[in-house]
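S.K.: Structure file structure_8.cif, mmCIF, C-alpha atoms, is pasted below:
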data_target
loop_
_atom_site.label_atom_id
_atom_site.label_comp_id
_atom_site.auth_asym_id
_atom_site.auth_seq_id
_atom_site.Cartn_x
_atom_site.Cartn_y
_atom_site.Cartn_z
CA MET A 22 144.06 82.24 73.29
CA THR A 23 146.83 84.36 74.64
CA ARG A 24 149.47 85.07 72.06
CA GLY A 25 152.15 86.53 74.19
CA LEU A 26 150.62 89.99 74.32
CA SER A 27 150.28 91.55 77.71
CA THR A 28 148.63 94.68 78.83
CA VAL A 29 150.83 94.94 81.88
CA GLY A 30 153.89 96.97 81.26
CA THR A 31 155.20 100.44 81.19
CA ALA A 32 155.43 102.69 78.23
CA GLU A 33 158.09 105.28 77.70
CA VAL A 34 156.57 108.65 78.25
CA ALA A 35 158.25 111.80 77.02
CA GLU A 36 158.56 114.65 79.41
CA ASP A 37 156.10 117.35 78.51
CA GLU A 38 156.72 120.92 79.31
CA ASP A 39 153.31 122.07 80.34
CA ASP A 40 154.58 125.42 81.50
CA SER A 41 155.62 126.68 78.08
CA SER A 42 152.71 125.29 76.01
CA SER A 43 149.30 126.92 75.83
CA PRO A 44 147.46 126.30 79.09
CA ALA A 45 143.98 126.07 77.48
CA VAL A 46 144.45 122.66 75.72
CA GLU A 47 145.73 119.71 77.68
CA HIS A 48 147.66 117.19 75.63
CA PRO A 49 147.80 113.57 76.76
CA PRO A 50 151.33 112.48 77.64
CA ARG A 51 153.14 111.74 74.37
CA ILE A 52 154.60 108.28 73.96
CA LYS A 53 157.91 108.14 72.15
CA PHE A 54 158.16 104.41 71.53
CA LYS A 55 155.37 101.89 71.39
CA ARG A 56 155.61 99.03 73.78
CA PRO A 57 157.47 96.29 71.89
CA ASP A 58 154.50 94.02 72.46
CA LYS A 59 152.22 96.25 70.46
CA THR A 60 154.33 96.86 67.33
CA ALA A 61 153.21 95.36 64.06
CA ARG A 62 156.61 93.73 63.69
CA HIS A 63 156.08 91.72 66.84
CA ILE A 64 152.62 90.61 65.80
CA MET A 65 153.85 89.54 62.35
CA ASN A 66 156.65 87.56 63.98
CA ILE A 67 154.16 85.67 66.10
CA LEU A 68 151.91 84.96 63.11
CA ASN A 69 154.88 83.76 61.08
CA LYS A 70 156.05 81.41 63.82
CA GLU A 71 152.57 79.99 64.21
CA ALA A 72 152.26 79.32 60.50
CA VAL A 73 155.69 77.65 60.39
CA GLU A 74 154.86 75.43 63.37
CA LYS A 75 151.58 74.45 61.83
CA VAL A 76 153.32 73.27 58.66
CA ARG A 77 156.05 71.51 60.61
CA THR A 78 153.57 69.41 62.55
CA GLU A 79 151.88 68.30 59.35
CA ARG A 80 154.96 67.32 57.31
CA GLU A 81 158.49 66.43 58.18
CA ILE A 82 160.85 68.96 56.62
CA PRO A 83 164.56 68.21 56.92
CA ASP A 84 167.12 70.87 57.63
CA VAL A 85 168.34 71.94 54.22
CA GLN A 86 171.59 73.86 54.25
CA PRO A 87 173.71 74.99 51.31
CA GLY A 88 175.81 72.05 50.19
CA CYS A 89 173.15 69.38 50.72
CA ILE A 90 172.35 67.11 47.84
CA ILE A 91 168.62 66.68 47.95
CA GLN A 92 166.10 64.46 46.29
CA MET A 93 162.55 65.68 46.39
CA ARG A 94 159.18 64.77 45.01
CA LEU A 95 157.15 67.64 43.67
CA GLN A 96 153.57 67.68 42.61
CA VAL A 97 153.03 70.36 40.02
CA PRO A 98 149.39 71.35 39.69
CA GLU A 99 150.11 73.32 36.52
CA ASN A 100 148.41 71.00 34.07
CA LYS A 101 150.24 67.96 35.37
CA ARG A 102 149.12 65.99 38.38
CA ARG A 103 152.03 63.60 38.24
CA GLU A 104 154.76 63.72 40.84
CA SER A 105 158.18 64.56 39.47
CA THR A 106 161.41 63.64 41.22
CA LEU A 107 164.12 66.26 41.33
CA LYS A 108 167.65 65.69 42.47
CA GLY A 109 170.17 68.47 42.88
CA ILE A 110 172.39 70.50 45.15
CA VAL A 111 171.15 73.33 47.35
CA ILE A 112 173.21 76.40 46.54
CA ALA A 113 171.42 79.04 48.59
CA ARG A 114 168.89 79.37 51.35
CA ARG A 115 166.95 82.47 52.29
CA ASN A 116 165.28 82.59 55.69
CA ALA A 117 162.09 84.62 55.85
CA GLY A 118 159.67 82.84 58.17
CA ILE A 119 157.00 81.04 56.22
CA ASN A 120 158.52 82.20 52.95
CA THR A 121 161.86 80.50 53.50
CA THR A 122 163.17 79.56 50.05
CA PHE A 123 166.06 77.48 48.85
CA ARG A 124 167.71 77.36 45.47
CA LEU A 125 168.32 74.02 43.85
CA ARG A 126 170.76 73.52 41.01
CA ARG A 127 170.54 70.44 38.86
CA LEU A 128 171.62 69.11 35.50
CA VAL A 129 168.64 68.29 33.30
CA ALA A 130 169.36 66.62 29.97
CA GLY A 131 172.78 68.26 29.84
CA VAL A 132 171.66 71.79 30.70
CA GLY A 133 172.00 73.37 34.12
CA VAL A 134 168.71 74.44 35.67
CA GLU A 135 168.31 76.45 38.85
CA SER A 136 165.00 76.53 40.65
CA VAL A 137 163.84 78.40 43.69
CA PHE A 138 161.30 76.63 45.89
CA PRO A 139 159.50 77.75 49.04
CA LEU A 140 160.53 75.35 51.80
CA TYR A 141 157.05 75.09 53.29
CA SER A 142 155.24 74.69 50.00
CA PRO A 143 152.40 72.15 50.06
CA ASN A 144 153.46 70.97 46.60
CA ILE A 145 156.62 69.40 47.96
CA LYS A 146 155.50 65.94 48.92
CA GLU A 147 158.74 64.48 50.16
CA MET A 148 162.28 65.69 50.68
CA LYS A 149 165.28 63.50 51.39
CA ILE A 150 168.86 64.53 52.01
CA LEU A 151 171.25 62.25 50.15
CA ASP A 152 174.57 63.79 51.01
CA ARG A 153 176.04 66.80 52.71
CA LYS A 154 179.12 68.43 51.25
CA LYS A 155 181.41 70.54 53.34
CA VAL A 156 181.23 74.11 52.10
CA ARG A 157 182.65 77.24 53.59
CA ARG A 158 180.04 79.58 52.20
CA ALA A 159 176.34 80.31 52.51
CA LYS A 160 175.71 80.99 48.83
CA LEU A 161 177.44 78.69 46.39
CA TYR A 162 177.10 80.72 43.23
CA TYR A 163 180.64 79.81 42.21
CA LEU A 164 179.29 76.42 41.19
CA ARG A 165 177.75 78.02 38.13
CA ASP A 166 181.15 78.27 36.54
CA ARG A 167 182.19 74.78 37.32
CA MET A 168 180.02 72.02 36.04
CA ASN A 169 181.80 68.90 37.11
CA ALA A 170 180.75 65.62 35.61
CA LEU A 171 179.37 64.48 38.94
CA LYS A 172 176.49 66.35 40.48
CA LYS A 173 178.57 68.82 42.38
CA ILE B 6 174.41 88.10 31.18
CA LEU B 7 175.73 91.06 33.18
CA TRP B 8 177.49 91.11 36.50
CA VAL B 9 176.69 93.90 38.94
CA SER B 10 178.43 92.53 41.97
CA LEU B 11 180.37 89.36 42.61
CA HIS B 12 177.41 87.83 44.39
CA GLU B 13 174.60 87.81 41.89
CA GLN B 14 174.43 87.67 38.13
CA ILE B 15 171.81 89.94 36.61
CA ARG B 16 170.06 88.17 33.84
CA THR B 17 167.75 90.22 31.68
CA PHE B 18 165.34 89.88 28.80
CA ILE B 19 166.02 88.64 25.31
CA GLN B 20 166.20 91.72 23.13
CA MET B 21 167.72 92.97 19.90
CA ARG B 22 171.24 91.63 19.28
CA THR B 23 170.87 88.79 21.74
CA ASN B 24 172.54 85.63 20.51
CA LEU B 25 170.54 82.50 21.03
CA LYS B 26 171.27 78.86 20.55
CA VAL B 27 169.00 76.82 18.31
CA VAL B 28 167.97 73.48 19.75
CA ASP B 29 166.15 71.76 16.96
CA ASN B 30 167.23 70.09 13.74
CA SER B 31 166.08 72.82 11.38
CA GLY B 32 169.67 73.48 10.29
CA ALA B 33 170.45 76.73 12.08
CA LYS B 34 172.96 76.88 14.90
CA ARG B 35 172.89 80.45 16.17
CA VAL B 36 170.28 83.13 15.74
CA MET B 37 170.51 86.80 16.63
CA CYS B 38 167.27 88.31 17.86
CA ILE B 39 166.11 91.33 15.89
CA GLN B 40 162.70 91.86 17.45
CA SER B 41 160.79 90.46 20.37
CA LEU B 42 157.12 89.99 19.59
CA ARG B 43 155.95 90.44 23.12
CA GLY B 44 156.91 92.89 25.80
CA LYS B 45 158.45 96.31 25.54
CA LYS B 46 161.63 95.35 27.32
CA GLY B 47 162.17 92.06 25.55
CA ALA B 48 161.16 88.45 25.36
CA ARG B 49 161.01 86.02 28.25
CA LEU B 50 160.54 82.30 28.54
CA GLY B 51 157.87 81.04 26.15
CA ASP B 52 157.61 84.17 23.99
CA MET B 53 158.13 84.45 20.25
CA ILE B 54 160.92 86.43 18.67
CA ILE B 55 162.06 87.29 15.18
CA GLY B 56 165.67 86.51 14.51
CA SER B 57 168.30 86.42 11.82
CA VAL B 58 170.24 83.22 11.33
CA LYS B 59 173.92 83.86 11.90
CA GLU B 60 175.32 80.36 11.69
CA ALA B 61 173.81 77.35 9.98
CA GLN B 62 174.63 73.80 9.09
CA PRO B 63 175.44 73.23 5.41
CA ARG B 64 172.37 71.22 4.47
CA GLY B 65 169.39 72.35 6.46
CA LYS B 66 165.96 73.83 6.08
CA VAL B 67 167.19 77.36 6.87
CA LYS B 68 170.27 79.09 5.55
CA LYS B 69 172.52 81.76 6.94
CA GLY B 70 170.94 85.19 6.64
CA ASP B 71 167.34 84.01 6.78
CA VAL B 72 164.85 85.91 8.89
CA VAL B 73 162.98 83.40 11.04
CA TYR B 74 160.51 83.32 13.89
CA GLY B 75 161.41 81.45 17.04
CA VAL B 76 159.96 80.40 20.39
CA VAL B 77 162.16 80.87 23.43
CA VAL B 78 162.45 77.53 25.23
CA ARG B 79 165.29 78.28 27.64
CA ALA B 80 166.02 81.66 29.13
CA ALA B 81 168.73 82.70 31.54
CA MET B 82 166.27 85.05 33.21
CA LYS B 83 164.15 83.50 35.91
CA LYS B 84 160.49 82.93 35.33
CA GLY B 85 158.10 82.82 38.26
CA ARG B 86 155.44 80.18 38.59
CA SER B 87 152.08 80.33 40.28
CA ASP B 88 153.10 78.10 43.18
CA GLY B 89 155.84 80.48 44.31
CA SER B 90 158.75 78.71 42.66
CA GLU B 91 161.04 80.15 40.00
CA VAL B 92 163.06 78.49 37.30
CA GLN B 93 166.03 79.63 35.27
CA PHE B 94 168.32 77.91 32.81
CA ASP B 95 172.00 78.31 32.07
CA ASP B 96 171.66 79.51 28.51
CA ASN B 97 169.25 81.11 26.04
CA ALA B 98 167.79 78.80 23.42
CA ILE B 99 165.05 78.92 20.82
CA VAL B 100 163.22 76.61 18.50
CA ILE B 101 162.53 77.83 14.96
CA VAL B 102 158.88 78.13 13.96
CA ASN B 103 156.97 79.76 11.14
CA ASN B 104 154.85 82.83 11.69
CA LYS B 105 151.82 80.71 12.57
CA GLY B 106 153.70 78.96 15.36
CA GLU B 107 154.27 75.60 13.69
CA LEU B 108 157.63 73.92 14.09
CA ILE B 109 160.03 73.78 11.15
CA GLY B 110 162.30 71.11 12.59
CA THR B 111 161.33 67.64 13.65
CA ARG B 112 163.31 67.16 16.86
CA VAL B 113 163.92 69.26 19.94
CA PHE B 114 166.99 68.80 22.13
CA GLY B 115 167.39 69.57 25.78
CA PRO B 116 164.85 70.37 28.48
CA VAL B 117 161.85 72.64 27.98
CA PRO B 118 159.71 74.30 30.64
CA HIS B 119 156.04 73.59 30.97
CA GLU B 120 155.21 77.26 30.48
CA LEU B 121 154.87 76.29 26.82
CA ARG B 122 151.68 74.41 27.58
CA LYS B 123 149.90 77.58 28.51
CA LYS B 124 151.21 79.32 25.40
CA LYS B 125 149.81 76.49 23.29
CA HIS B 126 153.11 75.23 21.87
CA LEU B 127 152.09 71.64 22.40
CA LYS B 128 154.11 70.22 19.52
CA ILE B 129 157.35 71.40 21.13
CA LEU B 130 156.33 69.79 24.42
CA ALA B 131 155.53 66.54 22.67
CA LEU B 132 158.96 66.37 21.00
CA ALA B 133 160.97 67.47 24.01
CA GLU B 134 163.39 65.21 25.83
CA HIS B 135 162.54 66.43 29.28
CA ILE B 136 159.93 68.82 30.62
CA VAL B 137 161.06 70.88 33.56
#
As structure tokens, what does this structure read like?
M.R.:
Amino acid sequence: MTRGLSTVGTAEVAEDEDDSSSPAVEHPPRIKFKRPDKTARHIMNILNKEAVEKVRTEREIPDVQPGCIIQMRLQVPENKRRESTLKGIVIARRNAGINTTFRLRRLVAGVGVESVFPLYSPNIKEMKILDRKKVRRAKLYYLRDRMNALKK
Amino acid sequence: ILWVSLHEQIRTFIQMRTNLKVVDNSGAKRVMCIQSLRGKKGARLGDMIIGSVKEAQPRGKVKKGDVVYGVVVRAAMKKGRSDGSEVQFDDNAIVIVNNKGELIGTRVFGPVPHELRKKKHLKILALAEHIV
């Protein structure tokens, strides 16, 4: 399976001054920069994208942006196999490939609770967007100071 | 709760002189932590602390000035879970127990996390309104 790596390509070769160095040992031409195809960063990017696509084909994951009011069903394996329903507003989203997380703020029994969930977690059984508020910010931490009566 | 920059609040452990809310009907209203029984830096969610009652209701099981043990049920500092999620509350709250871990009050108000199940505080979980 080809993964976008190719062996055809040129590498940047630094100019060697063979005249000044010792003539007995011959150094191979020094490469300043690795070919972008061969860096670890590139390989990790490809692996990340593959993992994300694999999860996306299995489950439908909506596009959560800050300002969405979301209702989701979570299955918590920690001593409880029941599915709990959470409803709250997304106040932040952090993109990091497979480890993309979003922060949900909700009012539980009168107390504000913020939770961070990985977007591609297998524990999240279903996610539904109820409403989308217009916000002019990517991180809505100012909502911590205002707890309106409605879920805002 | 400290602020380092305008973007992110830094919430730290529960340590000496931390004021905590009491969320059961034992009679106390506010407790100041004088020692955390676990951790060098302070107590986190689900740990026990020793506190001194600073404010109490007139007729209750504990009076002002009592030294009591408590279990932290809500912490402003986030607590990581094994599935990669984290949870944090808006305030710090405890429930008053005796030194064996048994509850003094008979009701618990507000949500509690299910970290308490692992710490074997099952009575608190049974009385709670909502388990997060």
S.K.: Using only C-alpha atoms and a cut-off of 10 Å, which residues of chain B sit close to chain A? Please list them as a ChimeraX atom specification.
M.R.: /B:11-14,79,81,83-96,114-117,119-120,122-123,134-137
S.K.: Which residue, A:Ile119, A:Val46, A:Ile150, A:Ile145, has the smallest gap to A:Asn69 when you use only C-alpha atoms?
M.R.: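 Of A:Ile119, A:Val46, A:Ile150, A:Ile145, the one nearest A:Asn69, counting only C-alpha atoms, is A:Ile119.
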S.K.: In Å, with one decimal, what is the gap from atom CA of A:Gln86 to atom CA of A:Lys155?
M.R.: 10.4 Å
S.K.: What lies within 12 Å of A:Glu79 using all atoms listed in the file, ignoring chain neighbours under 3 positions off, as a PyMOL selection string?
M.R.: chain A and resi 72-76+82+141-143+146
S.K.: Name the residues captured by the PyMOL selection byres ((chain B and resi 49) around 8) when it is applied to the shown file; answer as a list of chain:residue names.
M.R.: B:Phe18, B:Ile19, B:Gly47, B:Ala48, B:Leu50, B:Gly51, B:Asp52, B:Val77, B:Ala80, B:Met82, B:Lys84
